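A.B. asks: The following block contains the structure, expressed as structure tokens.
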Amino acid sequence: MLTEPSALVVRATLPAVGAAIEDITGLFYEKLFAAHPELLRDLFNRGNQAAGSQRQALAGSVAAFATYLVDHPEDRPDVMLRRIAHKHASLGVRPEQYPVVHEHLFAAIAEVLGDAVTPEVAAAWDEVYWLMANALIAIETRLYEQRQVVDGDVWREWEVVARTEETPDVASFRLRPADDRPAPDFRAGQYVSVQVRLADGARQIRQYSLTDAPGPETRSIAVKRVHGTAATPDGEVSCHLHEHVRVGDRLRLSAPYGELTLDPDGAPLLLASAGIGNTPMLAMLGQLHADGHTGRVTVVHADRSPDTHALRAEHEALTAKLPGATAHFWYERPGSGHRTGLVDLADVPVAAGTRAYLCGPLPFMRAVRGQLLDKGVAAADIHYEVFGPDLWLAAG
């Protein structure tokens with residue numbers, strides 16, 4: 001992994017780089033998009049760029065990777081790398097894009113840190129970058145080979161065969177391949193990228209979990225309309241899908257990717273979600289039912305109210321089909337007949353050896369993870385999925 005001389009330099013300079021990392025990544029994106037505006041138009045999420053969350057996520061991943069290298073010189077953070085690689089593969093990221101990123105990232109480092117970037121410092125951080133980049137390229141290459149994707153060309157046209165309004169802000173879409181070729185296999189919990197052409201000609205991309213169990217030739221996704229705030233814009237892709245996509249229309253989908261997948265080896269399972277984060281859990285529950293699973297499954301979900309709980313009937317029905325499953329729903333609004341307030345696992349039995357899967361807003365996942373750790377669940381047995389920039393790393 002990282003050579004000893006470089007490890008010493010990186011360890012010594014981590015505080016300075018860490019203190020300036022968000023300035024570095026902010027300037028990096030400015031330089032990158034000035035030189036390659038097509039990347040912002042057709043690859044990067046413009047909403048995340050406007051909100052600054054992509055900058056925070058990149059800063060967090062670089063700092064986390066460098067810290068891991070100096071603390072574990074004989075190892076590498078494979079879980080983090082696989083999560084990033086799956087996201088990259090779903091976007092069609094190609095090996096030749098990594099030198100482009102390197103060029104503008106190191107120009108930003110030199111500009112922000114100035115004379116502190118000696119040749120020795122530059123060489124050490126260059127080694128960090130290429131260790132991370134080459135590891136990601138290797139994983140992404142394997143993922144492309146598994147999906148028979150050539151040169152990052154991940155896109156395929158699918159036709160919308162059904163649309164259902166699940167709640168005022170959530171619509172589900174059932175799709176089938178428009179070219180009549182077989183639908184690719186996937187594992188419960190995985191997602192696809194959806195690429196749409198917007199009114200200004202941009203091709204923006206977002207990820208959505210597949211909500212059905214693997215098997216049929218059709219695939220289903222559920223899309224929550226993203227409402228903007230004073231600081232962030234409305235979701236471009238979610239609003240486009242809600243306002244313009246109907247039965248008979250076509251969408252461009254990637255092959256399925258994602259690391260949050262079931263490993264049903266007999267261990268007790270806990271599936272915890274909040275809001276639209278229940279979508280991968282529905283696929284997992286469907287898979288467990290299809291497999292005849294009889295083991296212990298604890299289903300946890302949080303929402304504002306039963307009316308905003310998208311696909312609630314499916315969530316309840318799939319849980320009821322599993323003989324060893326129990327459901328625990330929390331709603332913020334009182335009087336729903338369920339638990340009120342935030343998720344509190346104090347009186348929820350969690351068996352020894354439980355393997356947990358989490359999906360939802362970051363504060364929810366952090367809170368549930370902390371409660372599970374307090375109940376004796378091993379950190380290695382708690383898995384999560386983040387849609388959009390992984391701010392868990394940025395805040396960690």
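Residue numbering restarts at 1 in every chain; chains get A, B, ... in the order shown in the structure tokens, and ligands count up from 1 in that same order.
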Write out, as CSV, each residue of stretch 240-323 of chain A that has an atom at most 8 Å from stretch 167-187 of chain A, together with the closest pair of atoms and their distance in Å to one decimal, counting only C-alpha atoms, rows going by chain and rising number.
C.D. replies:
residue,atom,partner,partner_atom,distance
A:His242,CA,A:Ala171,CA,6.9
A:Arg250,CA,A:Ala178,CA,7.7
A:Ala255,CA,A:Pro184,CA,6.9
A:Pro256,CA,A:Phe186,CA,5.9
A:Tyr257,CA,A:Phe186,CA,7.7
A:Thr261,CA,A:Arg187,CA,6.2
A:Leu262,CA,A:Arg187,CA,7.7
A:Asp307,CA,A:Thr167,CA,7.0
A:Thr308,CA,A:Thr167,CA,6.1
A:His309,CA,A:Thr167,CA,7.7
A:Ala310,CA,A:Thr167,CA,6.1
A.B. asks: May I have the selected residues written with C-alpha atoms, as a tab-separated table (two decimals), in the first residue's frame?
C.D. replies:
chain	number	residue	atom	x	y	z
A	242	HIS	CA	-43.37	13.19	-11.68
A	250	ARG	CA	-39.10	5.53	-22.27
A	255	ALA	CA	-27.52	-2.00	-15.02
A	256	PRO	CA	-28.23	-2.72	-11.32
A	257	TYR	CA	-25.50	-1.94	-8.81
A	261	THR	CA	-27.54	-6.67	-0.48
A	262	LEU	CA	-28.84	-9.50	1.67
A	307	ASP	CA	-50.32	8.76	4.71
A	308	THR	CA	-46.74	9.68	3.78
A	309	HIS	CA	-45.48	6.12	4.27
A	310	ALA	CA	-45.02	5.18	0.61
A.B. asks: Could you give me, as CSV, a per-residue list for stretch 72-113 of chain A showing, wherever an atom lies at most 10 Å from an atom of stretch 56-61 of chain A, the closest pair of atoms and their distance in Å to one decimal, using only C-alpha atoms and sorting by chain then residue number from low to high?
C.D. replies:
residue,atom,partner,partner_atom,distance
A:Met80,CA,A:Ser61,CA,8.2
A:Leu81,CA,A:Ser61,CA,9.3
A:Ile84,CA,A:Ser61,CA,9.2
A.B. asks: Suppose we keep N, CA and C atoms; can you now write the selection as a PDB file, in the first residue's frame?
C.D. replies:
ATOM      1  N   MET A  80     -15.590   1.020   1.877  1.00  0.00           N
ATOM      2  CA  MET A  80     -15.769   2.353   1.328  1.00  0.00           C
ATOM      3  C   MET A  80     -15.521   2.366  -0.175  1.00  0.00           C
ATOM      4  N   LEU A  81     -14.450   1.698  -0.610  1.00  0.00           N
ATOM      5  CA  LEU A  81     -14.110   1.684  -2.031  1.00  0.00           C
ATOM      6  C   LEU A  81     -15.186   0.990  -2.854  1.00  0.00           C
ATOM      7  N   ILE A  84     -18.241   3.304  -3.306  1.00  0.00           N
ATOM      8  CA  ILE A  84     -17.981   4.344  -4.302  1.00  0.00           C
ATOM      9  C   ILE A  84     -17.949   3.748  -5.704  1.00  0.00           C
TER      10      ILE A  84
END
A.B. asks: Leaving out A:Leu322 and any residue of its chain fewer than 3 positions from it, which residues lie within 9 Å of it when counting only C-alpha atoms, given as a ChimeraX atom specification?
C.D. replies: /A:285,288-289,292-297,318-319,325-326
A.B. asks: Quick one: everything within 12 Å of A:Gln204, counting only C-alpha atoms, minus sequence neighbours fewer than 4 positions away in the same chain. Send it as an NGL selection string.
C.D. replies: :A and (38-48 or 91 or 193-200 or 235-241 or 251-253)
A.B. asks: Considering only C-alpha atoms, state which residue in the set A:Arg156, A:His315, A:Arg76, A:Lys224 is at the smallest distance from A:Leu282.
C.D. replies: A:His315
A.B. asks: Using only C-alpha atoms for the distances, tell me which of A:Glu4, A:Asp347, A:Glu165, A:Glu140 is nearest to A:Asp71.
C.D. replies: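 Counting only C-alpha atoms, the residue closest to A:Asp71 is A:Glu4.
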A.B. asks: Please list as a PyMOL selection string every residue within 6 Å of A:Asp381, counting only C-alpha atoms and excluding residues in the same chain fewer than 2 positions away.
C.D. replies: chain A and resi 355+378-379
A.B. asks: Between atom CA of A:Arg369 and atom CA of A:Asn278, what distance in Å does the model show, to one decimal?
C.D. replies: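 Distance reported for this atom pair: 16.3 Å.
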